[in-house]
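Working notes, beginning with the structure itself.
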2 protein chains.
Amino acid sequence: MKRVISVRKRALAANDERAGSLRERFAAAGTLVVNLISSPGSGKTSLLEATVRRLDPGLRCAVLEGDVATQRDAERIRAAGAPAHQILTGGACHLDARQIVTGLEEAGFTDLDILFIENVGNLICPTSYDLGEDFKVALLSVTEGDDKPFKYPAIFSRAEVTVVTKIDLLAHVAFDLPAVEEQVRTLNPSARIVRTSATTGEGIDRWCSLLTERLRAKGAATA
Amino acid sequence: MKRVISVRKRALAANDERAGSLRERFAAAGTLVVNLISSPGSGKTSLLEATVRRLDPGLRCAVLEGDVATQRDAERIRAAGAPAHQILTGGACHLDARQIVTGLEEAGFTDLDILFIENVGNLICPTSYDLGEDFKVALLSVTEGDDKPFKYPAIFSRAEVTVVTKIDLLAHVAFDLPAVEEQVRTLNPSARIVRTSATTGEGIDRWCSLLTERLRAKGAATA
């Protein structure tokens with residue numbers, strides 16, 4: 001067990017180093033990088049489809065898609081109008097910085113304003129792997145139950161933004177939204193919480209404003 | 001990387017050995033053991049609450065609950081009327097056979113007909129860890145999207161039973177149920193598929209019959 005932990009520690013340290021280089025590269029290019037993390041089926045791809053459709057068309061954005069299997073998510077993003085590249089992890093439960101380096105080489109994206117990284121559907125493993133992002137976003141759909149932030153505290157502590165998705169279904173499920181927001185704020189007092197529905201479009205403008213604000217702030221910081 | 005893989009291989013081999021001993025022990029005791037695996041929020045605990053309420057009261061059943069954090073699921077099961085013991089994984093993304101051994105010691109369950117193991121909410125990592133169960137059950141809620149079996153093929157290939165949950169919400173979401181069942185059968189031609197709603201009770205009788213059938217078959221095989 002001790003052996004497993006020390007090997008994992010070394011793997012994480014090597015990942016952190018690669019992520020640091022990626023972060024410098026993204027800063028030099030002025031690219032805002034957003035790492036989206038959630039359970040399978042919380043609506044990461046749906047949020048990204050709505051986002052690429054709604055963002056200022058003057059902004060160049062692209063998506064790196066992480067999945068165990070299938071090209072489906074990258075196809076959905078391309079159909080929504082943005083370049084996308086699928087990274088298949090071959091069974092691994094999270095993306096790592098090495099896969100981002102390789103994925104970017106293969107994708108050949110150029111001059112991006114925003115790079116979205118959709119992590120593998122998993123609320124636990126992706127949390128520890130820095131991908132050189134500016135910030136992590138945790139998604140939680142109202143159909144998943146209102147106990148999730150306290151049950152998966154690591155990701156909700158580290159995500160600067162929590163997006164509560166599928167709020168169009170709120171009338172049909174038992175989900176105490178204020179209690180969830182309270183849990184998120186307990187874990188991370190500075191968290192920003194956005195309520196969205198990719199189906200009705202609710203909250204998508206607010207989410208897009210948050211992205212463009214962060215992009216401007218990054219541009220100002222690195223100018 | 002090679003080093004990480006070989007350490008993981010050894011950890012899995014050690015786990016398989018412990019799981020083998022657990023399986024012998026469960027066979028000697030005539031206990032049917034069911035390992036439930038799904039994304040966070042697919043409704044594992046809700047299915048188990050409905051199950052312990054509906055099963056023949058002459059059957060002695062209990063639940064080992066696996067979570068990263070909180071005692072909440074064990075509390076819910078006890079409130080539904082069955083003994084339950086919470087295993088906290090301390091951040092690990094799956095249960096392993098060692099935790100089942102320790103959990104059973106701590107729980108002190110006796111003379112069980114059915115032991116349910118609710119794994120950590122995660123559609124990937126728990127798949128590789130044998131817990132000495134008779135069979136794995138994969139749960140998929142209709143709110144998670146109808147692309148999930150092909151996106152997470154390992155668990156849907158190995159689960160003898162797939163439970164499609166929250167079918168009361170089918171009218172409110174885009175979810176092609178026949179397409180999902182087709183994906184499951186492509187991955188595992190002998191899979192049994194049960195459609196349930198813990199809210200309306202639909203399918204719970206069928207699920208409970210499947211459990212009692214399997215319990216009888218196990219009794220006949222070991223008699």
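Every chain in the structure tokens has a letter given in the order shown (A, B, ...), and although residue numbers restart at 1 in each chain, ligands are simply numbered from 1 in the order shown.
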
Closest atom pairs, chain A residues within 10 Å of chain B, only C-alpha atoms, as CSV:
residue,atom,partner,partner_atom,distance
A:Met1,CA,B:Ala11,CA,8.0
A:Arg3,CA,B:Val7,CA,7.8
A:Val4,CA,B:Val7,CA,6.3
A:Ile5,CA,B:Val7,CA,10.0
A:Ser6,CA,B:Val4,CA,9.9
A:Val7,CA,B:Val4,CA,6.3
A:Arg8,CA,B:Val4,CA,7.4
A:Arg10,CA,B:Val4,CA,9.6
A:Ala11,CA,B:Met1,CA,8.0
A:Ser38,CA,B:Pro40,CA,9.3
A:Ser39,CA,B:Ser39,CA,6.0
A:Pro40,CA,B:Ser39,CA,6.2
A:Gly41,CA,B:Glu144,CA,4.0
A:Ser42,CA,B:Glu144,CA,6.5
A:Gly43,CA,B:Glu144,CA,7.9
A:Asp67,CA,B:Lys151,CA,7.2
A:Val68,CA,B:Lys151,CA,6.4
A:Ala69,CA,B:Lys151,CA,5.0
A:Thr70,CA,B:Lys151,CA,5.9
A:Gln71,CA,B:Lys151,CA,9.0
A:Arg72,CA,B:Asp147,CA,8.4
A:Asp73,CA,B:Lys151,CA,9.7
A:Gly91,CA,B:Ile124,CA,7.6
A:Ala92,CA,B:Ile124,CA,8.0
A:Cys93,CA,B:Ile124,CA,6.2
A:His94,CA,B:Ile124,CA,9.8
A:Val120,CA,B:Ile124,CA,9.7
A:Gly121,CA,B:Leu123,CA,8.1
A:Asn122,CA,B:Asn122,CA,6.1
A:Leu123,CA,B:Asn122,CA,7.3
A:Ile124,CA,B:Cys93,CA,6.2
A:Cys125,CA,B:Cys93,CA,6.8
A:Leu140,CA,B:Gly41,CA,9.5
A:Ser141,CA,B:Gly41,CA,9.0
A:Val142,CA,B:Gly41,CA,9.4
A:Thr143,CA,B:Thr143,CA,6.8
A:Glu144,CA,B:Gly41,CA,3.9
A:Gly145,CA,B:Gly41,CA,5.8
A:Asp146,CA,B:Gly41,CA,9.0
A:Asp147,CA,B:Arg72,CA,8.4
A:Lys148,CA,B:Gly41,CA,7.7
A:Pro149,CA,B:Ala69,CA,9.8
A:Phe150,CA,B:Thr70,CA,7.0
A:Lys151,CA,B:Ala69,CA,5.0
A:Tyr152,CA,B:Val68,CA,6.5
A:Pro153,CA,B:Ala69,CA,7.5
A:Ala154,CA,B:Gly91,CA,8.2
A:Lys166,CA,B:Thr143,CA,9.2
A:Asp168,CA,B:His172,CA,9.3
A:Leu169,CA,B:His172,CA,7.4
A:His172,CA,B:Leu169,CA,7.4
A:Val173,CA,B:Leu169,CA,8.6
A:Thr199,CA,B:Val173,CA,9.6

Any chance you could export the current selection's C-alpha atoms as a PDB file, in the first residue's frame?
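Output contents, as saved in result16.pdb:
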ATOM      1  CA  MET A   1       0.000   0.000   0.000  1.00  0.00           C
ATOM      2  CA  ARG A   3       4.508   1.488  -2.323  1.00  0.00           C
ATOM      3  CA  VAL A   4       1.347   2.326  -4.302  1.00  0.00           C
ATOM      4  CA  ILE A   5       1.066   5.686  -2.547  1.00  0.00           C
ATOM      5  CA  SER A   6       4.669   6.651  -3.194  1.00  0.00           C
ATOM      6  CA  VAL A   7       4.412   5.721  -6.885  1.00  0.00           C
ATOM      7  CA  ARG A   8       1.215   7.780  -7.088  1.00  0.00           C
ATOM      8  CA  ARG A  10       5.733  10.649  -7.930  1.00  0.00           C
ATOM      9  CA  ALA A  11       3.211  10.435 -10.779  1.00  0.00           C
ATOM     10  CA  SER A  38     -18.486  16.135 -13.080  1.00  0.00           C
ATOM     11  CA  SER A  39     -20.188  12.754 -12.851  1.00  0.00           C
ATOM     12  CA  PRO A  40     -21.033  11.045 -16.136  1.00  0.00           C
ATOM     13  CA  GLY A  41     -24.210  12.576 -17.481  1.00  0.00           C
ATOM     14  CA  SER A  42     -24.238  15.844 -15.517  1.00  0.00           C
ATOM     15  CA  GLY A  43     -24.300  17.759 -18.784  1.00  0.00           C
ATOM     16  CA  ASP A  67     -13.390   9.969 -22.488  1.00  0.00           C
ATOM     17  CA  VAL A  68     -12.738   6.311 -21.828  1.00  0.00           C
ATOM     18  CA  ALA A  69     -14.354   5.409 -25.141  1.00  0.00           C
ATOM     19  CA  THR A  70     -16.163   6.818 -28.232  1.00  0.00           C
ATOM     20  CA  GLN A  71     -15.623   9.964 -30.328  1.00  0.00           C
ATOM     21  CA  ARG A  72     -19.150  11.097 -29.589  1.00  0.00           C
ATOM     22  CA  ASP A  73     -18.503  14.211 -27.500  1.00  0.00           C
ATOM     23  CA  GLY A  91      -9.703   3.053 -19.399  1.00  0.00           C
ATOM     24  CA  ALA A  92      -8.024   5.681 -17.194  1.00  0.00           C
ATOM     25  CA  CYS A  93     -10.452   7.577 -14.973  1.00  0.00           C
ATOM     26  CA  HIS A  94      -9.078  11.098 -15.551  1.00  0.00           C
ATOM     27  CA  VAL A 120     -13.582  12.110 -18.063  1.00  0.00           C
ATOM     28  CA  GLY A 121     -16.975  11.709 -16.334  1.00  0.00           C
ATOM     29  CA  ASN A 122     -15.869  11.138 -12.748  1.00  0.00           C
ATOM     30  CA  LEU A 123     -16.321  13.244  -9.636  1.00  0.00           C
ATOM     31  CA  ILE A 124     -13.240  11.906  -7.829  1.00  0.00           C
ATOM     32  CA  CYS A 125     -10.123  11.041  -9.861  1.00  0.00           C
ATOM     33  CA  LEU A 140     -23.854  19.045 -10.599  1.00  0.00           C
ATOM     34  CA  SER A 141     -27.233  18.287 -12.145  1.00  0.00           C
ATOM     35  CA  VAL A 142     -30.402  18.642 -10.062  1.00  0.00           C
ATOM     36  CA  THR A 143     -31.275  15.025 -10.856  1.00  0.00           C
ATOM     37  CA  GLU A 144     -28.210  13.739  -8.956  1.00  0.00           C
ATOM     38  CA  GLY A 145     -29.463  14.531  -5.467  1.00  0.00           C
ATOM     39  CA  ASP A 146     -28.740  17.390  -3.108  1.00  0.00           C
ATOM     40  CA  ASP A 147     -26.190  15.580  -0.931  1.00  0.00           C
ATOM     41  CA  LYS A 148     -23.364  15.558  -3.460  1.00  0.00           C
ATOM     42  CA  PRO A 149     -21.062  18.453  -2.426  1.00  0.00           C
ATOM     43  CA  PHE A 150     -20.524  17.025   1.075  1.00  0.00           C
ATOM     44  CA  LYS A 151     -20.199  13.496  -0.361  1.00  0.00           C
ATOM     45  CA  TYR A 152     -17.524  14.598  -2.867  1.00  0.00           C
ATOM     46  CA  PRO A 153     -15.873  17.453  -0.969  1.00  0.00           C
ATOM     47  CA  ALA A 154     -12.526  17.529  -2.794  1.00  0.00           C
ATOM     48  CA  LYS A 166     -30.646  20.830 -15.699  1.00  0.00           C
ATOM     49  CA  ASP A 168     -35.453  22.928 -15.962  1.00  0.00           C
ATOM     50  CA  LEU A 169     -36.024  19.558 -14.203  1.00  0.00           C
ATOM     51  CA  HIS A 172     -39.797  17.027 -11.108  1.00  0.00           C
ATOM     52  CA  VAL A 173     -37.187  16.040  -8.513  1.00  0.00           C
ATOM     53  CA  THR A 199     -32.413  22.898 -22.667  1.00  0.00           C
TER      54      THR A 199
END

Where does DSSP see alpha helix (DSSP H) in segment 70-174 of chain A, if you list the residues as a ChimeraX atom specification? /A:72-80,97-107,148-151,153-158

For the strand (DSSP E or B) assignment from backbone DSSP, which residues of segment 23-134 of chain A qualify? Please present them as a list in words.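 Filtering segment 23-134 of chain A down to strand (DSSP E or B) leaves Leu32, Val33, Val34, Asn35, Leu36, Ile37, Cys61, Ala62, Val63, Leu64, Glu65, Gly66, Asp67, Ala84, His85, Gln86, Ile87, Leu88, Ile114, Leu115, Phe116, Ile117 and Glu118 of chain A.
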
Pick from A:Thr89, A:Ala191, A:Leu112, A:Val34 nearest to Arg214 of chain A, counting only C-alpha atoms: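 Of all the options, A:Val34 lies closest to Arg214 of chain A.
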
Could you list, as a PyMOL selection string, every residue within 12 Å of Asp16 of chain A, counting only C-alpha atoms and ignoring same-chain residues fewer than 2 positions away? chain A and resi 9-14+18-23+96-98+128-133
